[in-house]
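K.L.:
Structure supplied as model_26.txt; contents: compact mmCIF, C-alpha atoms.
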# COMPACT_ATOMS: atom_id res chain seq x y z
CA MET A 1 -22.22 -12.11 -23.91
CA VAL A 2 -25.16 -11.38 -21.66
CA SER A 3 -28.66 -12.65 -22.30
CA ASP A 4 -30.37 -9.92 -24.31
CA ARG A 5 -33.42 -10.11 -22.07
CA GLN A 6 -31.63 -9.93 -18.74
CA PHE A 7 -32.15 -6.21 -18.37
CA GLY A 8 -35.03 -5.53 -20.75
CA VAL A 9 -34.50 -2.51 -22.95
CA ILE A 10 -31.90 0.04 -21.83
CA SER A 11 -32.67 3.63 -22.72
CA ILE A 12 -29.82 6.11 -22.67
CA VAL A 13 -31.18 9.63 -22.20
CA GLY A 14 -28.59 12.05 -23.52
CA GLY A 15 -27.25 9.11 -25.49
CA THR A 16 -25.65 11.23 -28.19
CA GLY A 17 -23.09 12.64 -25.76
CA ALA A 18 -19.62 11.24 -25.17
CA LEU A 19 -20.41 9.08 -22.13
CA GLY A 20 -23.84 7.96 -23.34
CA GLY A 21 -22.55 7.16 -26.81
CA GLY A 22 -19.63 5.24 -25.39
CA LEU A 23 -21.81 3.15 -23.10
CA ALA A 24 -24.17 2.50 -26.01
CA LEU A 25 -21.26 1.19 -28.08
CA ARG A 26 -20.11 -1.19 -25.36
CA TRP A 27 -23.63 -2.42 -24.59
CA ALA A 28 -24.47 -2.86 -28.28
CA ARG A 29 -21.39 -5.06 -28.62
CA ALA A 30 -22.64 -7.08 -25.65
CA GLY A 31 -25.88 -7.68 -27.54
CA LEU A 32 -28.17 -5.65 -25.28
CA PRO A 33 -31.30 -4.02 -26.77
CA LEU A 34 -30.88 -0.25 -26.60
CA ILE A 35 -32.68 2.99 -27.19
CA ILE A 36 -30.69 6.14 -27.71
CA GLY A 37 -32.47 9.25 -26.49
CA SER A 38 -31.67 12.77 -27.59
CA ARG A 39 -33.29 16.17 -27.46
CA THR A 40 -34.57 15.66 -31.00
CA ALA A 41 -35.78 12.45 -32.61
CA VAL A 42 -33.69 13.22 -35.71
CA LYS A 43 -30.41 13.35 -33.81
CA ALA A 44 -31.36 10.23 -31.90
CA ALA A 45 -32.11 8.35 -35.12
CA GLU A 46 -28.80 9.43 -36.63
CA ALA A 47 -26.93 8.17 -33.59
CA ALA A 48 -28.78 4.86 -33.75
CA ASP A 49 -27.93 4.51 -37.44
CA ALA A 50 -24.27 5.20 -36.70
CA LEU A 51 -24.26 2.61 -33.93
CA ARG A 52 -25.75 -0.03 -36.25
CA THR A 53 -22.98 0.73 -38.70
CA ALA A 54 -20.34 0.37 -35.97
CA VAL A 55 -21.94 -2.77 -34.55
CA PRO A 56 -23.74 -4.70 -37.32
CA GLY A 57 -26.86 -6.38 -36.01
CA ALA A 58 -27.13 -4.05 -33.01
CA ASP A 59 -30.67 -3.87 -31.60
CA VAL A 60 -30.88 -0.09 -31.28
CA ARG A 61 -33.45 2.60 -31.97
CA GLY A 62 -33.31 6.38 -31.62
CA LEU A 63 -36.08 8.36 -29.93
CA GLN A 64 -36.60 11.79 -28.40
CA ASN A 65 -35.62 11.71 -24.71
CA LEU A 66 -39.11 11.42 -23.21
CA ALA A 67 -40.18 8.73 -25.67
CA ALA A 68 -36.89 6.95 -25.02
CA ALA A 69 -37.52 6.98 -21.28
CA GLN A 70 -41.03 5.66 -21.82
CA ALA A 71 -39.82 2.79 -23.98
CA GLY A 72 -36.99 1.74 -21.67
CA ASP A 73 -37.04 -0.76 -18.83
CA VAL A 74 -33.89 0.73 -17.34
CA VAL A 75 -33.19 4.42 -18.00
CA VAL A 76 -29.63 5.74 -17.97
CA LEU A 77 -29.18 9.50 -17.66
CA THR A 78 -25.97 10.82 -19.27
CA VAL A 79 -26.23 14.59 -19.45
CA PRO A 80 -24.07 17.41 -18.08
CA PHE A 81 -24.82 18.61 -14.54
CA ALA A 82 -26.48 21.78 -15.84
CA HIS A 83 -28.98 19.66 -17.81
CA GLN A 84 -29.72 17.16 -15.05
CA GLN A 85 -32.66 19.02 -13.56
CA PRO A 86 -34.48 20.06 -16.76
CA THR A 87 -33.99 16.64 -18.34
CA LEU A 88 -35.28 14.82 -15.25
CA GLU A 89 -38.29 17.14 -15.11
CA GLU A 90 -39.02 16.28 -18.74
CA ILE A 91 -38.69 12.49 -18.45
CA ARG A 92 -40.05 12.10 -14.93
CA PRO A 93 -43.53 10.98 -16.12
CA ALA A 94 -41.89 8.00 -17.80
CA LEU A 95 -39.82 6.80 -14.84
CA ALA A 96 -42.29 5.44 -12.28
CA GLY A 97 -41.39 1.95 -11.14
CA LYS A 98 -38.13 1.89 -13.08
CA ILE A 99 -34.44 1.99 -12.26
CA LEU A 100 -32.88 5.33 -13.16
CA VAL A 101 -29.11 5.13 -13.52
CA ASP A 102 -27.75 8.59 -12.80
CA THR A 103 -24.23 9.29 -14.08
CA THR A 104 -24.19 12.99 -13.30
CA VAL A 105 -21.02 14.57 -11.95
CA PRO A 106 -21.58 17.92 -10.24
CA LEU A 107 -18.79 19.74 -12.04
CA VAL A 108 -19.05 23.51 -11.74
CA PRO A 109 -17.16 25.23 -14.57
CA PRO A 110 -14.68 26.72 -14.83
CA ARG A 111 -13.14 24.97 -11.82
CA VAL A 112 -13.97 21.41 -12.80
CA ALA A 113 -10.83 20.07 -11.13
CA ARG A 114 -12.13 21.24 -7.75
CA VAL A 115 -14.60 19.19 -5.73
CA GLN A 116 -17.79 21.24 -5.39
CA LEU A 117 -20.43 18.86 -4.15
CA PRO A 118 -23.93 20.35 -4.07
CA PRO A 119 -25.69 21.26 -0.81
CA GLU A 120 -27.88 18.19 -1.26
CA GLY A 121 -24.75 16.05 -0.83
CA SER A 122 -24.45 14.57 -4.32
CA ALA A 123 -25.91 14.69 -7.80
CA GLY A 124 -27.28 11.20 -7.20
CA LEU A 125 -29.31 12.47 -4.25
CA ILE A 126 -30.56 15.35 -6.40
CA ALA A 127 -31.69 12.84 -9.02
CA GLN A 128 -33.65 10.89 -6.42
CA ARG A 129 -35.35 14.03 -5.16
CA LEU A 130 -36.29 15.13 -8.68
CA ALA A 131 -37.40 11.71 -9.86
CA GLY A 132 -39.57 11.01 -6.85
CA GLU A 133 -40.01 8.05 -4.56
CA SER A 134 -41.56 5.77 -7.18
CA VAL A 135 -38.21 5.69 -8.99
CA THR A 136 -35.19 3.68 -7.83
CA VAL A 137 -32.12 5.80 -8.47
CA VAL A 138 -28.77 4.04 -8.79
CA SER A 139 -25.65 6.11 -9.33
CA ALA A 140 -22.72 4.85 -11.42
CA PHE A 141 -20.17 5.52 -14.19
CA GLN A 142 -19.15 8.97 -12.88
CA SER A 143 -15.40 8.48 -13.10
CA VAL A 144 -15.35 6.81 -16.50
CA ALA A 145 -13.29 8.63 -19.14
CA ALA A 146 -15.76 8.70 -22.03
CA ASP A 147 -12.94 8.48 -24.58
CA SER A 148 -11.91 5.14 -23.17
CA LEU A 149 -15.21 3.60 -24.27
CA GLN A 150 -14.42 4.12 -27.93
CA GLY A 151 -12.29 1.48 -29.56
CA ASP A 152 -12.07 -1.89 -27.88
CA ALA A 153 -9.25 -1.64 -25.37
CA PRO A 154 -9.96 -3.14 -21.94
CA LEU A 155 -11.48 -0.57 -19.58
CA ASP A 156 -9.04 0.45 -16.87
CA CYS A 157 -11.53 2.08 -14.49
CA ASP A 158 -13.75 0.45 -11.88
CA VAL A 159 -17.36 1.51 -11.51
CA LEU A 160 -18.73 2.25 -8.03
CA VAL A 161 -22.46 1.48 -7.93
CA THR A 162 -24.43 3.22 -5.19
CA GLY A 163 -28.12 3.09 -4.38
CA ASP A 164 -30.43 2.45 -1.49
CA LYS A 165 -31.82 -0.84 -2.89
CA ALA A 166 -29.37 -3.71 -3.21
CA GLU A 167 -31.41 -5.50 -5.91
CA ALA A 168 -31.32 -2.42 -8.11
CA ARG A 169 -27.57 -2.10 -7.53
CA ASP A 170 -27.27 -5.74 -8.65
CA VAL A 171 -28.80 -4.83 -12.01
CA VAL A 172 -26.43 -1.93 -12.53
CA VAL A 173 -23.37 -3.89 -11.43
CA ALA A 174 -24.32 -6.48 -14.06
CA LEU A 175 -24.88 -3.77 -16.67
CA ALA A 176 -21.47 -2.27 -15.95
CA ARG A 177 -19.83 -5.68 -16.18
CA ALA A 178 -21.64 -6.31 -19.48
CA ALA A 179 -20.00 -3.11 -20.76
CA GLY A 180 -16.60 -4.47 -19.75
CA PHE A 181 -15.97 -2.79 -16.43
CA ARG A 182 -15.07 -4.15 -13.03
CA ALA A 183 -18.01 -2.92 -10.98
CA TRP A 184 -18.86 -2.97 -7.29
CA HIS A 185 -21.63 -2.45 -4.82
CA ALA A 186 -20.48 0.74 -3.10
CA GLY A 187 -23.25 1.40 -0.61
CA ALA A 188 -26.14 3.78 -0.15
CA LEU A 189 -27.03 6.42 -2.72
CA SER A 190 -25.42 9.07 -0.49
CA ASN A 191 -22.12 7.29 -1.17
CA SER A 192 -22.33 8.58 -4.75
CA ALA A 193 -20.59 11.64 -3.30
CA ALA A 194 -17.36 9.63 -3.31
CA ALA A 195 -17.39 8.78 -7.00
CA GLU A 196 -18.58 12.24 -7.94
CA ALA A 197 -15.88 13.96 -5.90
CA LEU A 198 -13.21 11.60 -7.15
CA THR A 199 -13.98 12.65 -10.72
CA SER A 200 -12.71 16.16 -10.02
CA VAL A 201 -9.56 14.65 -8.52
CA LEU A 202 -8.99 12.60 -11.69
CA ILE A 203 -9.52 15.71 -13.83
CA PHE A 204 -6.96 17.51 -11.67
CA MET A 205 -4.48 14.66 -12.04
CA ASN A 206 -4.95 14.48 -15.82
CA LYS A 207 -3.88 18.12 -16.01
CA ARG A 208 -1.22 18.03 -13.29
CA TYR A 209 0.57 15.01 -14.70
CA GLY A 210 0.13 15.93 -18.33
CA GLY A 211 -2.56 14.59 -20.59
CA LEU A 212 -3.24 11.30 -18.89
CA HIS A 213 -6.53 9.44 -18.71
CA THR A 214 -6.51 8.44 -15.09
CA GLY A 215 -9.09 6.13 -13.63
CA LEU A 216 -10.03 4.40 -10.40
CA ARG A 217 -9.28 0.84 -9.36
CA ILE A 218 -10.29 -0.82 -6.13
CA THR A 219 -7.49 -3.04 -4.84
CA GLY A 220 -7.72 -6.03 -2.56
CA ILE A 221 -10.79 -7.57 -4.20
CA PRO A 222 -11.03 -10.38 -6.78
CA ASP A 223 -12.29 -9.34 -10.24
CA ASP A 224 -15.34 -11.55 -9.91
CA ALA A 225 -16.31 -10.94 -6.29
CA ALA A 226 -20.08 -11.13 -5.94
CA MET B 1 16.15 5.28 1.73
CA VAL B 2 15.38 8.97 1.97
CA SER B 3 17.82 11.51 3.33
CA ASP B 4 17.06 11.75 7.05
CA ARG B 5 17.11 15.54 6.87
CA GLN B 6 14.83 15.96 3.87
CA PHE B 7 11.75 16.58 5.95
CA GLY B 8 13.20 17.60 9.29
CA VAL B 9 11.57 15.88 12.25
CA ILE B 10 8.14 14.36 11.71
CA SER B 11 5.82 14.45 14.70
CA ILE B 12 2.86 12.11 14.72
CA VAL B 13 0.16 13.45 17.01
CA GLY B 14 -2.03 10.55 18.02
CA GLY B 15 0.88 8.37 17.07
CA THR B 16 -0.09 5.49 19.38
CA GLY B 17 -3.18 4.74 17.30
CA ALA B 18 -3.39 2.22 14.46
CA LEU B 19 -2.78 4.63 11.58
CA GLY B 20 -0.22 6.77 13.37
CA GLY B 21 1.65 3.76 14.68
CA GLY B 22 1.67 2.16 11.24
CA LEU B 23 3.01 5.28 9.56
CA ALA B 24 5.65 5.58 12.29
CA LEU B 25 6.79 2.03 11.58
CA ARG B 26 7.13 2.64 7.84
CA TRP B 27 8.88 6.00 8.29
CA ALA B 28 11.22 4.61 10.94
CA ARG B 29 12.25 1.88 8.49
CA ALA B 30 12.93 4.62 5.93
CA GLY B 31 15.31 6.24 8.40
CA LEU B 32 13.30 9.37 9.09
CA PRO B 33 13.61 11.09 12.50
CA LEU B 34 10.29 10.81 14.31
CA ILE B 35 8.44 11.94 17.38
CA ILE B 36 5.46 9.97 18.56
CA GLY B 37 2.88 12.10 20.31
CA SER B 38 0.24 10.78 22.66
CA ARG B 39 -2.14 12.16 25.26
CA THR B 40 0.34 11.20 27.97
CA ALA B 41 4.11 11.32 27.85
CA VAL B 42 4.28 7.85 29.39
CA LYS B 43 2.26 6.22 26.61
CA ALA B 44 4.26 8.10 24.01
CA ALA B 45 7.55 6.92 25.50
CA GLU B 46 6.32 3.33 25.58
CA ALA B 47 5.35 3.52 21.90
CA ALA B 48 8.75 4.98 21.03
CA ASP B 49 10.49 2.19 22.95
CA ALA B 50 8.44 -0.40 21.10
CA LEU B 51 9.29 1.16 17.77
CA ARG B 52 13.01 1.12 18.55
CA THR B 53 12.67 -2.57 19.33
CA ALA B 54 10.89 -3.19 16.02
CA VAL B 55 13.32 -1.03 14.05
CA PRO B 56 16.75 -1.11 15.71
CA GLY B 57 18.49 2.23 15.36
CA ALA B 58 15.26 4.13 14.74
CA ASP B 59 15.56 7.85 15.56
CA VAL B 60 12.34 8.16 17.55
CA ARG B 61 11.24 9.88 20.77
CA GLY B 62 7.91 9.92 22.58
CA LEU B 63 6.35 13.15 23.85
CA GLN B 64 2.98 14.40 25.00
CA ASN B 65 0.99 15.68 21.98
CA LEU B 66 1.61 19.41 22.43
CA ALA B 67 5.32 18.92 23.11
CA ALA B 68 5.47 16.59 20.11
CA ALA B 69 3.88 19.22 17.87
CA GLN B 70 6.32 21.83 19.17
CA ALA B 71 9.33 19.64 18.45
CA GLY B 72 8.24 18.62 14.95
CA ASP B 73 9.00 20.31 11.64
CA VAL B 74 6.07 18.53 9.98
CA VAL B 75 3.12 17.55 12.18
CA VAL B 76 0.90 14.61 11.22
CA LEU B 77 -2.49 14.37 12.92
CA THR B 78 -3.82 10.82 13.25
CA VAL B 79 -6.78 10.89 15.61
CA PRO B 80 -10.42 9.85 15.24
CA PHE B 81 -12.83 12.47 13.87
CA ALA B 82 -14.32 13.03 17.32
CA HIS B 83 -10.88 14.02 18.63
CA GLN B 84 -9.87 16.22 15.71
CA GLN B 85 -11.19 19.47 17.14
CA PRO B 86 -9.99 19.16 20.76
CA THR B 87 -6.59 17.88 19.66
CA LEU B 88 -6.11 20.72 17.18
CA GLU B 89 -7.16 23.26 19.79
CA GLU B 90 -4.53 21.82 22.10
CA ILE B 91 -1.64 21.74 19.64
CA ARG B 92 -2.53 24.86 17.65
CA PRO B 93 0.02 27.08 19.48
CA ALA B 94 2.77 24.79 18.15
CA LEU B 95 1.74 24.77 14.50
CA ALA B 96 2.42 28.28 13.16
CA GLY B 97 4.49 28.21 9.99
CA LYS B 98 4.44 24.42 9.74
CA ILE B 99 2.82 21.84 7.51
CA LEU B 100 0.00 20.03 9.27
CA VAL B 101 -0.83 16.71 7.61
CA ASP B 102 -4.46 15.95 8.43
CA THR B 103 -5.51 12.33 8.02
CA THR B 104 -8.96 12.68 9.57
CA VAL B 105 -11.88 10.82 8.04
CA PRO B 106 -15.27 12.21 9.05
CA LEU B 107 -16.80 8.86 9.98
CA VAL B 108 -19.97 9.20 12.02
CA PRO B 109 -20.64 6.03 14.04
CA PRO B 110 -22.51 3.82 13.88
CA ARG B 111 -22.97 4.26 10.11
CA VAL B 112 -19.30 4.44 9.17
CA ALA B 113 -19.96 2.80 5.79
CA ARG B 114 -22.11 5.77 4.77
CA VAL B 115 -20.61 8.98 3.41
CA GLN B 116 -21.47 11.78 5.84
CA LEU B 117 -19.26 14.69 4.90
CA PRO B 118 -19.44 17.60 7.34
CA PRO B 119 -21.19 20.88 6.48
CA GLU B 120 -17.76 22.48 6.07
CA GLY B 121 -17.15 20.16 3.09
CA SER B 122 -14.40 17.96 4.48
CA ALA B 123 -12.41 17.20 7.60
CA GLY B 124 -9.39 18.70 5.86
CA LEU B 125 -11.18 22.03 5.55
CA ILE B 126 -12.18 21.81 9.22
CA ALA B 127 -8.52 21.29 10.12
CA GLN B 128 -7.51 24.39 8.18
CA ARG B 129 -10.18 26.46 9.90
CA LEU B 130 -9.14 25.25 13.34
CA ALA B 131 -5.41 25.54 12.75
CA GLY B 132 -5.58 29.04 11.32
CA GLU B 133 -4.05 30.73 8.32
CA SER B 134 -0.47 30.55 9.55
CA VAL B 135 -0.59 26.76 9.14
CA THR B 136 -0.42 24.96 5.81
CA VAL B 137 -2.82 22.04 5.98
CA VAL B 138 -2.27 19.12 3.62
CA SER B 139 -4.69 16.21 3.69
CA ALA B 140 -3.57 12.62 3.02
CA PHE B 141 -3.62 8.95 4.07
CA GLN B 142 -7.41 8.81 4.64
CA SER B 143 -8.05 5.60 2.74
CA VAL B 144 -5.10 3.64 4.08
CA ALA B 145 -6.00 0.44 5.93
CA ALA B 146 -3.95 0.85 9.10
CA ASP B 147 -3.45 -2.93 9.37
CA SER B 148 -1.67 -2.95 6.04
CA LEU B 149 1.14 -0.82 7.48
CA GLN B 150 2.18 -3.55 9.89
CA GLY B 151 4.48 -6.23 8.52
CA ASP B 152 6.38 -5.42 5.38
CA ALA B 153 4.14 -6.33 2.48
CA PRO B 154 4.00 -3.80 -0.37
CA LEU B 155 1.25 -1.22 0.18
CA ASP B 156 -1.63 -1.70 -2.24
CA CYS B 157 -3.31 1.68 -1.75
CA ASP B 158 -2.51 4.99 -3.39
CA VAL B 159 -2.43 8.19 -1.34
CA LEU B 160 -4.25 11.27 -2.63
CA VAL B 161 -2.52 14.41 -1.37
CA THR B 162 -4.62 17.57 -1.33
CA GLY B 163 -3.74 21.06 -0.21
CA ASP B 164 -3.84 24.60 -1.44
CA LYS B 165 -0.04 25.00 -1.68
CA ALA B 166 1.72 22.82 -4.25
CA GLU B 167 5.10 23.00 -2.46
CA ALA B 168 3.55 21.65 0.73
CA ARG B 169 1.85 18.88 -1.25
CA ASP B 170 5.29 18.04 -2.68
CA VAL B 171 6.60 17.41 0.83
CA VAL B 172 3.71 15.13 1.71
CA VAL B 173 3.85 13.23 -1.59
CA ALA B 174 7.52 12.57 -0.82
CA LEU B 175 6.68 11.52 2.75
CA ALA B 176 4.04 9.10 1.50
CA ARG B 177 6.46 7.64 -1.05
CA ALA B 178 9.08 7.28 1.70
CA ALA B 179 6.54 5.18 3.58
CA GLY B 180 6.15 2.95 0.52
CA PHE B 181 2.99 4.31 -1.08
CA ARG B 182 2.24 5.49 -4.57
CA ALA B 183 1.17 9.07 -3.88
CA TRP B 184 -0.25 11.84 -6.02
CA HIS B 185 -0.98 15.53 -6.09
CA ALA B 186 -4.77 15.51 -6.01
CA GLY B 187 -5.63 19.20 -6.02
CA ALA B 188 -6.92 21.82 -3.62
CA LEU B 189 -7.61 21.09 0.02
CA SER B 190 -11.34 20.98 -0.74
CA ASN B 191 -10.59 17.89 -2.85
CA SER B 192 -9.91 16.04 0.39
CA ALA B 193 -13.66 15.37 0.33
CA ALA B 194 -13.01 12.73 -2.34
CA ALA B 195 -10.54 10.68 -0.30
CA GLU B 196 -12.59 11.10 2.87
CA ALA B 197 -15.82 9.98 1.18
CA LEU B 198 -14.10 7.10 -0.55
CA THR B 199 -13.06 5.72 2.82
CA SER B 200 -16.68 5.02 3.73
CA VAL B 201 -17.11 3.27 0.37
CA LEU B 202 -14.10 1.05 1.11
CA ILE B 203 -15.50 0.25 4.56
CA PHE B 204 -18.80 -0.67 2.90
CA MET B 205 -17.04 -2.90 0.38
CA ASN B 206 -14.96 -4.63 3.06
CA LYS B 207 -18.21 -5.67 4.74
CA ARG B 208 -20.24 -6.35 1.60
CA TYR B 209 -17.63 -8.57 0.00
CA GLY B 210 -16.55 -10.26 3.18
CA GLY B 211 -13.56 -9.31 5.24
CA LEU B 212 -11.42 -7.74 2.55
CA HIS B 213 -8.95 -4.90 2.92
CA THR B 214 -9.84 -2.87 -0.11
CA GLY B 215 -7.83 0.11 -1.20
CA LEU B 216 -7.62 2.71 -3.93
CA ARG B 217 -5.40 2.71 -6.98
CA ILE B 218 -5.23 5.39 -9.63
CA THR B 219 -4.88 3.82 -13.07
CA GLY B 220 -3.40 5.35 -16.21
CA ILE B 221 -0.41 6.96 -14.52
CA PRO B 222 3.20 5.73 -14.22
CA ASP B 223 4.34 4.81 -10.70
CA ASP B 224 6.97 7.54 -10.71
CA ALA B 225 5.06 10.38 -12.38
CA ALA B 226 6.21 13.69 -10.95
Could you write out this file's structure as structure tokens?

P.N.:
Amino acid sequence: MVSDRQFGVISIVGGTGALGGGLALRWARAGLPLIIGSRTAVKAAEAADALRTAVPGADVRGLQNLAAAQAGDVVVLTVPFAHQQPTLEEIRPALAGKILVDTTVPLVPPRVARVQLPPEGSAGLIAQRLAGESVTVVSAFQSVAADSLQGDAPLDCDVLVTGDKAEARDVVVALARAAGFRAWHAGALSNSAAAEALTSVLIFMNKRYGGLHTGLRITGIPDDAA
Amino acid sequence: MVSDRQFGVISIVGGTGALGGGLALRWARAGLPLIIGSRTAVKAAEAADALRTAVPGADVRGLQNLAAAQAGDVVVLTVPFAHQQPTLEEIRPALAGKILVDTTVPLVPPRVARVQLPPEGSAGLIAQRLAGESVTVVSAFQSVAADSLQGDAPLDCDVLVTGDKAEARDVVVALARAAGFRAWHAGALSNSAAAEALTSVLIFMNKRYGGLHTGLRITGIPDDAA
């Protein structure tokens, strides 16, 4: 259990999706105060109600995405690649001075099992450009199989945390560990390209080897290395 | 032990370096017939002599790089990024119709812990462009810590094998397993960007967490999945 004030309030923009909803579940269980953001306040409120049912006593509210971003101390963006730009343009006024955790994977349908990094280098770098210099973008959670967050099995996927400010990475490493992951400082924001690209490899392997839920583990490092 | 004729003769161009020498040691122990290529025939012969001392009975010869590529059925390129282009231009006449295993990681000193993928997308794609269409490029072994190949400890790093032809990937998956790795089909050659980028992340983590030899493991898949 993590102190419920360690991170302030975590807002999950796109929090009704599979990844956002799964992270919300794990963080609610860890006792963290949450806001679930969605494109409509109604859907957000429904998701918050459902989470309180799943986790009695959970400190969670539902708000429209922009209001959610405004009310959050740390903002986590969990939307598909195609929605990354419009969503960031919408919530940008609410992000100044905050940590934005970008989880975007630049999958380009229909060939999602093929690495197709954007010309900017990575979705994380796109997020930084769109959010502006007053926002500290940290990239994480790209390779997490959203399904694995449901239920309560241990999470068999490490989280690579990239960002240009080490103190902001510290926060996100701690957030990922609060959710039950092994999580690591993985370098500059440009290094998000590795985790983003690896996600297409895992999608390929899930198909190639037949319905698996593959994940990433870093070997040669103790679970609690700091 | 793998049949010594399963792969034909494996030529390691740049085989006196840390990665090439380490792979040679593991493959020699597996009984595979090898040629070690180097920029001079003298250095190559010395490396072959040393390998026969380390692995009595090893079927290994040393040849200058171009002669090594000519004599090999499968050619493995293990040179630094800066040498990839000149080496491929030299050995290209010997590669037609063969599998070229590219291990190049596009590290750009001095910031080797920062992902800096080339404009072409990956070093693997550069290799294919330089080698030409008559050559089947398969990319692998990028994230292997060369040190770990010395000695005989189990290898704690999976190998992601990418290439546009599944049958050629099959050969390289089997070669990697013969060396003692877990190894996986990881998709099209463009997916080599993932393993290349991840290498900079591992270098970052080795420094950040203090002298480790981190590696990659894919979770959620049986060791012997085929």

K.L.:
If you take only C-alpha atoms and a cut-off of 8 Å, which residues of chain A touch chain B, and what are their nearest atom pairs and distances in Å to one decimal, in chain and number order, as CSV?

P.N.:
residue,atom,partner,partner_atom,distance
A:Ala113,CA,B:Gly187,CA,7.3
A:Arg114,CA,B:Asn191,CA,6.1
A:Val115,CA,B:Asn191,CA,5.1
A:Gln116,CA,B:Ser190,CA,8.0
A:Asp156,CA,B:Thr219,CA,6.6
A:Cys157,CA,B:Thr219,CA,7.0
A:Trp184,CA,B:Met205,CA,7.9
A:His185,CA,B:Met205,CA,7.0
A:Ala186,CA,B:Val201,CA,5.5
A:Gly187,CA,B:Phe204,CA,6.0
A:Ala188,CA,B:Arg114,CA,6.7
A:Ser190,CA,B:Val115,CA,6.2
A:Asn191,CA,B:Val115,CA,5.1
A:Ala193,CA,B:Ala197,CA,6.8
A:Ala194,CA,B:Ala197,CA,4.8
A:Ala195,CA,B:Leu198,CA,7.4
A:Glu196,CA,B:Ala194,CA,7.9
A:Ala197,CA,B:Ala194,CA,4.7
A:Leu198,CA,B:Ala194,CA,4.9
A:Ser200,CA,B:Asn191,CA,7.7
A:Val201,CA,B:Ala186,CA,5.5
A:Leu202,CA,B:Ala186,CA,7.7
A:Phe204,CA,B:Gly187,CA,6.0
A:Met205,CA,B:Ala186,CA,6.1
A:Arg208,CA,B:His185,CA,7.6
A:Tyr209,CA,B:Ala225,CA,6.9
A:Leu212,CA,B:Gly220,CA,6.5
A:His213,CA,B:Gly220,CA,5.7
A:Thr214,CA,B:Gly220,CA,4.5
A:Gly215,CA,B:Thr219,CA,4.8
A:Leu216,CA,B:Ile218,CA,5.0
A:Arg217,CA,B:Arg217,CA,4.9
A:Ile218,CA,B:Leu216,CA,4.9
A:Thr219,CA,B:Gly215,CA,4.8
A:Gly220,CA,B:Thr214,CA,4.5
A:Ile221,CA,B:Thr214,CA,6.3
A:Ala225,CA,B:Tyr209,CA,6.9
A:Ala226,CA,B:Tyr209,CA,6.9

K.L.:
Keeping only C-alpha atoms, write those residues as a compact mmCIF listing (two decimals), in the frame of the given file.

P.N.:
# COMPACT_ATOMS: atom_id res chain seq x y z
CA ALA A 113 -10.83 20.07 -11.13
CA ARG A 114 -12.13 21.24 -7.75
CA VAL A 115 -14.60 19.19 -5.73
CA GLN A 116 -17.79 21.24 -5.39
CA ASP A 156 -9.04 0.45 -16.87
CA CYS A 157 -11.53 2.08 -14.49
CA TRP A 184 -18.86 -2.97 -7.29
CA HIS A 185 -21.63 -2.45 -4.82
CA ALA A 186 -20.48 0.74 -3.10
CA GLY A 187 -23.25 1.40 -0.61
CA ALA A 188 -26.14 3.78 -0.15
CA SER A 190 -25.42 9.07 -0.49
CA ASN A 191 -22.12 7.29 -1.17
CA ALA A 193 -20.59 11.64 -3.30
CA ALA A 194 -17.36 9.63 -3.31
CA ALA A 195 -17.39 8.78 -7.00
CA GLU A 196 -18.58 12.24 -7.94
CA ALA A 197 -15.88 13.96 -5.90
CA LEU A 198 -13.21 11.60 -7.15
CA SER A 200 -12.71 16.16 -10.02
CA VAL A 201 -9.56 14.65 -8.52
CA LEU A 202 -8.99 12.60 -11.69
CA PHE A 204 -6.96 17.51 -11.67
CA MET A 205 -4.48 14.66 -12.04
CA ARG A 208 -1.22 18.03 -13.29
CA TYR A 209 0.57 15.01 -14.70
CA LEU A 212 -3.24 11.30 -18.89
CA HIS A 213 -6.53 9.44 -18.71
CA THR A 214 -6.51 8.44 -15.09
CA GLY A 215 -9.09 6.13 -13.63
CA LEU A 216 -10.03 4.40 -10.40
CA ARG A 217 -9.28 0.84 -9.36
CA ILE A 218 -10.29 -0.82 -6.13
CA THR A 219 -7.49 -3.04 -4.84
CA GLY A 220 -7.72 -6.03 -2.56
CA ILE A 221 -10.79 -7.57 -4.20
CA ALA A 225 -16.31 -10.94 -6.29
CA ALA A 226 -20.08 -11.13 -5.94

K.L.:
Considering all atoms listed in the file, return as an mmCIF file with C-alpha atoms, in the frame of the given file whatever protein or nucleic-acid residues lie within 8 Å of Val60 (chain A), sequence-local ones (same chain, fewer than 6 positions apart) excluded.

P.N.:
data_model
loop_
_atom_site.group_PDB
_atom_site.id
_atom_site.type_symbol
_atom_site.label_atom_id
_atom_site.label_comp_id
_atom_site.auth_asym_id
_atom_site.auth_seq_id
_atom_site.Cartn_x
_atom_site.Cartn_y
_atom_site.Cartn_z
ATOM 1 C CA ALA A 28 -24.470 -2.860 -28.280
ATOM 2 C CA PRO A 33 -31.300 -4.020 -26.770
ATOM 3 C CA LEU A 34 -30.880 -0.250 -26.600
ATOM 4 C CA ILE A 35 -32.680 2.990 -27.190
ATOM 5 C CA ILE A 36 -30.690 6.140 -27.710
ATOM 6 C CA ALA A 48 -28.780 4.860 -33.750
ATOM 7 C CA LEU A 51 -24.260 2.610 -33.930
ATOM 8 C CA ARG A 52 -25.750 -0.030 -36.250
#

K.L.:
Write out as a PyMOL selection string the residues lying within 10 Å of region 8-21 of chain A, counting all atoms listed in the file and excluding same-chain residues fewer than 4 positions away.

P.N.:
chain A and resi 3-4+25-27+32-39+43-48+51+59-80+83-84+87-88+91+100-101+103+141-142+144-150+175

K.L.:
What lies within 8 Å of Gln85 (chain A) using all atoms listed in the file, ignoring chain neighbours under 3 positions off, as a list in words?

P.N.:
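The filter keeps Phe81, Ala82, Leu88, Glu89, Ala127 and Leu130 of chain A.
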